[in-house]
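One structure below.
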Amino acid sequence: MRTQVCIIGGGPSGLLLSQLLHRAGIDTVVLERQSQDYVLARVRAGVLEWGTVEMLNEAGVGARMEKEGFVHTGTYLAARNKGFRIDFDQLIGKKVMVYGQTEVTRDLYAARASMDGVVIHGTEGVALHALDTDAPFVTFTKDGTEHRIDCDYVAGCDGFHGPSRKAIPANVLKEYERVYPFGWLGVLSHTPPVSHELIYANHERGFALCSMRNANLSRYYVQCPLTDKVEDWSDSAFWDELKRRIPEDAAETLVTGPTIEKSIAPLRSFVAEPMRWGRLFLVGDAAHIVPPTGAKGLNLAASDVHYLYHGLVQFYQGDDEGVTKYSEKALARVWKSERFSWSLTTMLHRFPNQSAFDQRMQEADLDYLESSDAAKKVLAENYVGLPF
Ligand code: FAS
Ligand code: PHB
């Protein structure tokens with residue numbers, strides 16, 4: 001088999017890149033280890049930066065998002081039983097879209113199918129070859145049969161645990177990492193959201209977040225120790241803890257109910273450099289991970305796709321500047337989003353052995369934010385997404 005761009009990974013990065021390239025007349029094949037149902041069953045991101053919204057519309061997959069998504073012009077931060085709002089619209093004239101990653105991925109799968117895009121599920125043993133030549137190829141097995149795909153480029157959209165990053169020689173690859181000493185216990189429930197916008201709460205017992213997917217599907221998180229297991233948390237224990245950590249006026253109106261999904265995600269900050277080696281590009285979680293506090297994970301994947309898509313279109317028009325500069329341009333935005341996600345995580349979470357002074361510093365940070373439009377503007381422009 002031969003294609004122009006072989007894409008490893010059928011998550012949001014791989015599907016969005018494939019969809020955009022196909023619409024530009026560039027041939028791709030997507031290799032995905034899991035079934036489509038498995039990929040769609042993963043509950044992950046919820047907030048889309050406006051740049052991501054515009055890319056999904058450019059890719060022709062924004063119709064349902066525009067109809068069913070929630071446009072938010074602000075968000076709430078809370079500490080010591082009171083909250084305050086960061087008004088994105090009033091401060092910087094921007095907004096975000098709340099529309100779950102699951103739905104984005106569902107829309108992308110539907111669009112790939114409607115265009116007869118080639119997405120091969122159930123691939124095993126994907127291996128990357130000859131990346132430092134002008135004739136790279138990828139091998140894999142499916143249903144016991146060996147396959148080879150010859151291509152011009154390989155896009156590693158295979159997430160944190162995929163093979164692409166590991167295909168870059170150890171003496172070339174540089175990794176930066178911070179692992180946080182806590183996780184997020186997240187639940188989904190068929191209940192109306194407690195607030196019309198998100199609430200990020202700092203509390204001495206730990207961080208909490210109130211989010212949503214639609215008018216009757218809520219997404220909540222509480223910070224938990226890394227040693228916790230999902231089975232340690234009954235529904236009532238979760239609801240009680242969430243109520244302790246959010247402001248009383250929200251806790252009093254919180255509608256609880258049976259959880260339909262419960263999972264614990266570890267938090268880390270991670271960046272791999274470079275994001276290109278020979279004919280391989282790293283995209284999305286294959287290259288970087290952020291703690292979900294700043295809602296940047298999915299959105300950074302989208303900006304990587306933006307740079308790579310335009311670079312590849314340029315390449316096939318005879319100009320290789322875009323692909324040459326891909327890593328430099330993508331990393332410039334990645335590191336600024338890593339900084340924002342790290343700073344918001346540090347301000348809002350309870351760290352082990354945190355002293356009373358440390359807690360007061362976090363609260364002073366939040367008090368300053370509440371009192372200063374300048375400080376609010378800084379948070380707002382990072383949260384809604386820096387320009388591509
Ligand atoms: P993905 O990991 O989504 O997709 C990679 C794909 O590659 C997967 O489908 C995988 O099956 C496939 N793959 C891996 N190895 C392969 C192989 N050898 N062969 C073929 N295919 C292979 N972000 C937020 O903004 N907010 C959140 O709340 C949030 N919560 C998260 C919770 C969890 C548990 C995780 C893991 C991530 C979360 N994220 C969140 C980040 C998440 O949304 C990612 O940023 C986003 O999925 C990135 O998309 P991709 O780069 O496509 O990677
Ligand atoms: C979510 O809705 O899952 C969500 C929203 C904002 C975040 C993280 C997760 O920062």
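Ordering of the structure tokens sets the chain letters (A, B, ...), residue numbers begin anew at 1 in every chain, and ligands are numbered from 1 in the order given.
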
- Message: So that I can see what lies close to A:Ser114, please list as JSON, numbers by chain the residues with an atom at most 12 Å from it, counting only C-alpha atoms and leaving out residues fewer than 4 positions away in the same chain.
- Response: {"A": [19, 22, 23, 60, 61, 107, 108, 109, 110, 118, 119]}

Dump N, CA and C atoms for the selected residues as a short mmCIF file (atom, residue, chain, number, x, y, z; two decimals), in the first residue's frame?
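To be explicit, this is the file written out as out11.cif:
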data_model
loop_
_atom_site.label_atom_id
_atom_site.label_comp_id
_atom_site.auth_asym_id
_atom_site.auth_seq_id
_atom_site.Cartn_x
_atom_site.Cartn_y
_atom_site.Cartn_z
N GLN A 19 -8.67 14.41 8.09
CA GLN A 19 -9.83 15.08 7.49
C GLN A 19 -9.40 16.34 6.74
N HIS A 22 -7.31 15.37 3.61
CA HIS A 22 -8.16 14.79 2.56
C HIS A 22 -8.89 15.90 1.80
N ARG A 23 -9.42 16.88 2.56
CA ARG A 23 -10.14 17.99 1.90
C ARG A 23 -9.21 18.84 1.05
N GLY A 60 -15.03 20.94 8.20
CA GLY A 60 -16.38 20.51 7.80
C GLY A 60 -17.04 19.61 8.81
N VAL A 61 -16.62 19.69 10.08
CA VAL A 61 -17.20 18.81 11.11
C VAL A 61 -17.79 19.61 12.28
N ASP A 107 -17.85 13.13 15.59
CA ASP A 107 -18.09 13.92 14.37
C ASP A 107 -16.97 13.68 13.35
N LEU A 108 -15.75 13.54 13.84
CA LEU A 108 -14.62 13.31 12.92
C LEU A 108 -14.71 11.92 12.28
N TYR A 109 -15.08 10.92 13.08
CA TYR A 109 -15.25 9.57 12.51
C TYR A 109 -16.34 9.57 11.44
N ALA A 110 -17.43 10.28 11.72
CA ALA A 110 -18.54 10.33 10.74
C ALA A 110 -18.08 10.99 9.45
N VAL A 118 -9.59 6.53 4.75
CA VAL A 118 -9.09 5.21 5.13
C VAL A 118 -8.65 5.23 6.60
N VAL A 119 -9.46 4.61 7.47
CA VAL A 119 -9.10 4.48 8.88
C VAL A 119 -9.11 2.98 9.20
#

- Near-stretch 232-236 of chain A list (12 Å; only C-alpha atoms; drop same-chain fewer than 6 positions) as an NGL selection string: :A and (185-189 or 220 or 222 or 224-226 or 242-243 or 256-264)

- Message: Residues within 12 Å of A:Glu58, please, as a list of chain:residue names. Count only C-alpha atoms; anything in the same chain fewer than 2 positions from it doesn't count.
- Response: A:Leu16, A:Leu17, A:Gln19, A:Leu20, A:Leu21, A:Arg23, A:Ala24, A:Gly51, A:Thr52, A:Val53, A:Glu54, A:Met55, A:Leu56, A:Gly60, A:Val61, A:Gly62, A:Ala63, A:His306, A:Tyr309

For those residues, write all heavy atoms to a file as a compact mmCIF listing (two decimals), in the first residue's frame.
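Saved file part-v4.txt follows:
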# COMPACT_ATOMS: atom_id res chain seq x y z
N LEU A 16 -8.44 14.57 12.84
CA LEU A 16 -8.55 15.94 12.35
C LEU A 16 -7.53 16.19 11.25
O LEU A 16 -7.84 16.76 10.20
CB LEU A 16 -8.38 16.95 13.50
CG LEU A 16 -8.49 18.43 13.13
CD1 LEU A 16 -9.80 18.75 12.43
CD2 LEU A 16 -8.32 19.31 14.39
N LEU A 17 -6.31 15.69 11.46
CA LEU A 17 -5.26 15.88 10.43
C LEU A 17 -5.68 15.17 9.14
O LEU A 17 -5.61 15.74 8.04
CB LEU A 17 -3.93 15.33 10.93
CG LEU A 17 -2.76 15.44 9.94
CD1 LEU A 17 -2.45 16.91 9.62
CD2 LEU A 17 -1.51 14.74 10.50
N GLN A 19 -8.67 14.41 8.09
CA GLN A 19 -9.83 15.08 7.49
C GLN A 19 -9.40 16.34 6.74
O GLN A 19 -9.82 16.57 5.60
CB GLN A 19 -10.83 15.45 8.61
CG GLN A 19 -12.06 16.21 8.16
CD GLN A 19 -13.04 15.41 7.31
OE1 GLN A 19 -12.88 14.20 7.13
NE2 GLN A 19 -14.01 16.10 6.74
N LEU A 20 -8.56 17.16 7.35
CA LEU A 20 -8.11 18.40 6.71
C LEU A 20 -7.27 18.10 5.47
O LEU A 20 -7.45 18.71 4.41
CB LEU A 20 -7.30 19.24 7.71
CG LEU A 20 -8.11 19.95 8.79
CD1 LEU A 20 -7.20 20.42 9.93
CD2 LEU A 20 -8.89 21.13 8.20
N LEU A 21 -6.36 17.11 5.57
CA LEU A 21 -5.50 16.79 4.42
C LEU A 21 -6.33 16.22 3.27
O LEU A 21 -6.13 16.59 2.10
CB LEU A 21 -4.41 15.80 4.83
CG LEU A 21 -3.33 16.35 5.75
CD1 LEU A 21 -2.36 15.25 6.19
CD2 LEU A 21 -2.55 17.50 5.09
N ARG A 23 -9.42 16.88 2.56
CA ARG A 23 -10.14 17.99 1.90
C ARG A 23 -9.21 18.84 1.05
O ARG A 23 -9.63 19.55 0.15
CB ARG A 23 -10.83 18.86 2.96
CG ARG A 23 -12.06 18.20 3.58
CD ARG A 23 -12.50 18.93 4.84
NE ARG A 23 -12.93 20.28 4.57
CZ ARG A 23 -14.21 20.66 4.39
NH1 ARG A 23 -15.17 19.75 4.40
NH2 ARG A 23 -14.55 21.92 4.19
N ALA A 24 -7.89 18.74 1.34
CA ALA A 24 -6.90 19.50 0.53
C ALA A 24 -6.33 18.63 -0.58
O ALA A 24 -5.37 19.01 -1.26
CB ALA A 24 -5.77 20.00 1.43
N GLY A 51 -9.92 28.79 18.52
CA GLY A 51 -9.10 28.35 17.38
C GLY A 51 -9.42 26.92 17.00
O GLY A 51 -9.46 26.58 15.80
N THR A 52 -9.71 26.09 17.98
CA THR A 52 -10.09 24.69 17.71
C THR A 52 -11.46 24.65 17.05
O THR A 52 -11.69 23.92 16.09
CB THR A 52 -10.11 23.89 19.03
OG1 THR A 52 -8.83 24.00 19.66
CG2 THR A 52 -10.46 22.43 18.80
N VAL A 53 -12.38 25.49 17.55
CA VAL A 53 -13.74 25.57 16.95
C VAL A 53 -13.61 25.94 15.47
O VAL A 53 -14.22 25.31 14.60
CB VAL A 53 -14.57 26.63 17.70
CG1 VAL A 53 -15.87 26.95 16.97
CG2 VAL A 53 -14.86 26.16 19.14
N GLU A 54 -12.76 26.93 15.17
CA GLU A 54 -12.61 27.37 13.77
C GLU A 54 -11.99 26.27 12.90
O GLU A 54 -12.38 26.08 11.75
CB GLU A 54 -11.78 28.65 13.72
CG GLU A 54 -12.56 29.86 14.27
CD GLU A 54 -11.71 31.10 14.48
OE1 GLU A 54 -10.47 30.96 14.50
OE2 GLU A 54 -12.28 32.19 14.66
N MET A 55 -11.08 25.50 13.49
CA MET A 55 -10.47 24.40 12.71
C MET A 55 -11.49 23.30 12.42
O MET A 55 -11.52 22.74 11.33
CB MET A 55 -9.30 23.80 13.48
CG MET A 55 -8.01 24.55 13.32
SD MET A 55 -6.72 23.70 14.18
CE MET A 55 -6.48 22.31 13.09
N LEU A 56 -12.34 23.01 13.42
CA LEU A 56 -13.36 21.97 13.20
C LEU A 56 -14.34 22.42 12.13
O LEU A 56 -14.74 21.64 11.26
CB LEU A 56 -14.07 21.65 14.52
CG LEU A 56 -13.19 20.99 15.59
CD1 LEU A 56 -13.92 20.92 16.92
CD2 LEU A 56 -12.75 19.59 15.16
N GLY A 60 -15.03 20.94 8.20
CA GLY A 60 -16.38 20.51 7.80
C GLY A 60 -17.04 19.61 8.81
O GLY A 60 -17.94 18.82 8.47
N VAL A 61 -16.62 19.69 10.08
CA VAL A 61 -17.20 18.81 11.11
C VAL A 61 -17.79 19.61 12.28
O VAL A 61 -17.96 19.09 13.38
CB VAL A 61 -16.16 17.81 11.65
CG1 VAL A 61 -15.64 16.91 10.55
CG2 VAL A 61 -14.99 18.54 12.32
N GLY A 62 -18.11 20.90 12.03
CA GLY A 62 -18.56 21.75 13.15
C GLY A 62 -20.07 21.89 13.31
O GLY A 62 -20.54 22.51 14.26
N ALA A 63 -20.87 21.30 12.41
CA ALA A 63 -22.32 21.56 12.43
C ALA A 63 -22.96 21.17 13.75
O ALA A 63 -23.65 21.97 14.40
CB ALA A 63 -22.98 20.83 11.27
N HIS A 306 -2.91 22.18 13.17
CA HIS A 306 -2.96 23.41 12.35
C HIS A 306 -1.62 23.66 11.67
O HIS A 306 -1.55 23.83 10.44
CB HIS A 306 -3.31 24.60 13.24
CG HIS A 306 -3.10 25.94 12.60
ND1 HIS A 306 -4.04 26.53 11.78
CD2 HIS A 306 -2.03 26.78 12.62
CE1 HIS A 306 -3.58 27.70 11.33
NE2 HIS A 306 -2.37 27.87 11.84
N TYR A 309 -0.77 20.61 9.18
CA TYR A 309 -1.66 20.61 8.00
C TYR A 309 -1.19 21.68 6.99
O TYR A 309 -0.96 21.38 5.81
CB TYR A 309 -3.09 20.87 8.45
CG TYR A 309 -4.02 21.40 7.40
CD1 TYR A 309 -4.27 20.67 6.22
CD2 TYR A 309 -4.66 22.63 7.55
CE1 TYR A 309 -5.13 21.16 5.25
CE2 TYR A 309 -5.52 23.12 6.57
CZ TYR A 309 -5.74 22.39 5.43
OH TYR A 309 -6.58 22.89 4.46

Identify, counting only C-alpha atoms and all ligand atoms, the protein, DNA and RNA residues located within 7 Å of ligand 1, and give them as an mmCIF file with C-alpha atoms, in the first residue's frame.
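Heads up, here's the output in selection17.cif:
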data_model
loop_
_atom_site.group_PDB
_atom_site.id
_atom_site.type_symbol
_atom_site.label_atom_id
_atom_site.label_comp_id
_atom_site.auth_asym_id
_atom_site.auth_seq_id
_atom_site.Cartn_x
_atom_site.Cartn_y
_atom_site.Cartn_z
ATOM 1 C CA ILE A 8 -0.638 6.597 13.448
ATOM 2 C CA GLY A 9 -3.517 7.051 15.903
ATOM 3 C CA GLY A 10 -7.250 7.558 15.362
ATOM 4 C CA GLY A 11 -7.875 9.956 18.241
ATOM 5 C CA PRO A 12 -8.728 13.641 17.715
ATOM 6 C CA SER A 13 -5.243 14.549 16.381
ATOM 7 C CA GLY A 14 -5.053 11.811 13.777
ATOM 8 C CA LEU A 31 -3.872 3.275 11.704
ATOM 9 C CA GLU A 32 -5.749 2.849 15.018
ATOM 10 C CA ARG A 33 -5.020 0.091 17.519
ATOM 11 C CA GLN A 34 -8.464 0.157 19.174
ATOM 12 C CA VAL A 39 -11.958 5.278 21.247
ATOM 13 C CA VAL A 43 -14.293 10.430 28.460
ATOM 14 C CA ARG A 44 -11.758 13.256 28.254
ATOM 15 C CA ALA A 45 -11.736 16.929 27.394
ATOM 16 C CA GLY A 46 -14.663 19.306 27.561
ATOM 17 C CA VAL A 47 -13.548 22.836 26.629
ATOM 18 C CA GLN A 101 -13.969 15.436 23.083
ATOM 19 C CA THR A 123 -3.871 -2.644 13.892
ATOM 20 C CA GLU A 124 -1.155 -4.371 15.905
ATOM 21 C CA GLY A 125 2.617 -4.021 16.126
ATOM 22 C CA VAL A 126 2.799 -0.709 14.267
ATOM 23 C CA CYS A 157 -0.752 11.002 16.498
ATOM 24 C CA ASP A 158 -0.587 7.967 18.785
ATOM 25 C CA GLY A 159 -0.815 9.590 22.204
ATOM 26 C CA PHE A 160 1.514 9.382 25.188
ATOM 27 C CA HIS A 161 1.974 5.614 25.042
ATOM 28 C CA GLY A 162 2.279 5.135 21.271
ATOM 29 C CA PRO A 163 5.391 4.030 19.305
ATOM 30 C CA ALA A 265 -6.575 10.364 35.668
ATOM 31 C CA VAL A 283 1.401 15.537 17.099
ATOM 32 C CA GLY A 284 -0.717 16.028 20.248
ATOM 33 C CA ASP A 285 -0.251 13.775 23.261
ATOM 34 C CA ALA A 286 2.521 11.877 21.438
ATOM 35 C CA ILE A 289 0.915 16.252 28.069
ATOM 36 C CA PRO A 292 -6.182 19.107 32.505
ATOM 37 C CA ALA A 295 -8.252 22.559 29.463
ATOM 38 C CA LYS A 296 -5.293 22.601 27.055
ATOM 39 C CA GLY A 297 -4.659 18.961 26.120
ATOM 40 C CA LEU A 298 -7.062 18.589 23.226
ATOM 41 C CA ASN A 299 -6.546 22.217 22.171
ATOM 42 C CA ALA A 301 -3.341 18.772 19.730
#

- Task: For A:His196, list every protein, DNA or RNA residue within 9 Å, evaluated using only C-alpha atoms, and leave out those in the same chain fewer than 4 positions away; present the list as a list in words.
- Result: His72, Ser211 and Met212 of chain A

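Distance annotation: of A:Ala130, A:Leu312, A:Ala167, A:Val172, the residue with the minimal separation from A:Pro274 is A:Val172; atom set is only C-alpha atoms.
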
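Non-sequential neighbours of stretch 332-342 of chain A (distance at most 7 Å, separation of 4 or more positions within a chain, only C-alpha atoms) are Ser269, Val290, Pro291, Thr293, Gly294, Lys296, Leu300, Glu328, Thr346 and Asn382 of chain A.
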
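Between ligand 2 and the residues A:Tyr176, A:Phe281, A:Phe70, A:Phe357, the shortest atom-to-atom distance, using only C-alpha atoms and all ligand atoms, involves A:Phe70.
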
Counting only C-alpha atoms, what is within 7 Å of A:Thr73, bar same-chain residues fewer than 2 positions away, as a compact mmCIF listing (two decimals) with all heavy atoms, in the first residue's frame?
# COMPACT_ATOMS: atom_id res chain seq x y z
N VAL A 71 -21.62 27.90 24.16
CA VAL A 71 -20.62 28.97 24.11
C VAL A 71 -20.53 29.59 25.50
O VAL A 71 -21.54 29.99 26.09
CB VAL A 71 -21.02 30.05 23.08
CG1 VAL A 71 -20.05 31.23 23.15
CG2 VAL A 71 -21.01 29.45 21.66
N ASP A 87 -14.54 37.24 33.18
CA ASP A 87 -15.43 37.50 32.03
C ASP A 87 -14.58 37.65 30.76
O ASP A 87 -14.06 38.73 30.47
CB ASP A 87 -16.24 38.78 32.30
CG ASP A 87 -17.30 39.02 31.24
OD1 ASP A 87 -17.10 38.53 30.09
OD2 ASP A 87 -18.31 39.67 31.54
N PHE A 88 -14.43 36.55 30.03
CA PHE A 88 -13.56 36.58 28.83
C PHE A 88 -14.04 37.67 27.86
O PHE A 88 -13.23 38.40 27.27
CB PHE A 88 -13.62 35.24 28.09
CG PHE A 88 -13.38 34.01 28.92
CD1 PHE A 88 -14.09 32.83 28.68
CD2 PHE A 88 -12.42 34.00 29.92
CE1 PHE A 88 -13.86 31.69 29.42
CE2 PHE A 88 -12.18 32.87 30.67
CZ PHE A 88 -12.90 31.71 30.42
N ASP A 89 -15.35 37.76 27.68
CA ASP A 89 -15.89 38.67 26.67
C ASP A 89 -15.60 40.12 27.03
O ASP A 89 -15.07 40.89 26.24
CB ASP A 89 -17.41 38.43 26.55
CG ASP A 89 -18.01 39.13 25.34
OD1 ASP A 89 -17.26 39.35 24.36
OD2 ASP A 89 -19.20 39.48 25.38
N LYS A 94 -13.30 37.58 23.91
CA LYS A 94 -13.18 36.20 23.38
C LYS A 94 -14.14 35.26 24.11
O LYS A 94 -14.80 35.65 25.09
CB LYS A 94 -11.73 35.70 23.59
CG LYS A 94 -10.67 36.49 22.81
CD LYS A 94 -10.43 35.91 21.44
CE LYS A 94 -9.38 36.68 20.64
NZ LYS A 94 -7.99 36.35 21.03
N LYS A 95 -14.22 33.99 23.65
CA LYS A 95 -15.11 33.00 24.28
C LYS A 95 -14.55 31.60 24.05
O LYS A 95 -13.55 31.44 23.32
CB LYS A 95 -16.50 33.11 23.66
CG LYS A 95 -16.48 33.02 22.14
CD LYS A 95 -17.73 33.55 21.48
CE LYS A 95 -17.56 33.60 19.96
NZ LYS A 95 -18.71 34.19 19.26
N VAL A 96 -15.17 30.60 24.67
CA VAL A 96 -14.79 29.19 24.43
C VAL A 96 -16.07 28.41 24.15
O VAL A 96 -17.18 28.90 24.35
CB VAL A 96 -14.06 28.57 25.65
CG1 VAL A 96 -12.71 29.23 25.88
CG2 VAL A 96 -14.93 28.62 26.91
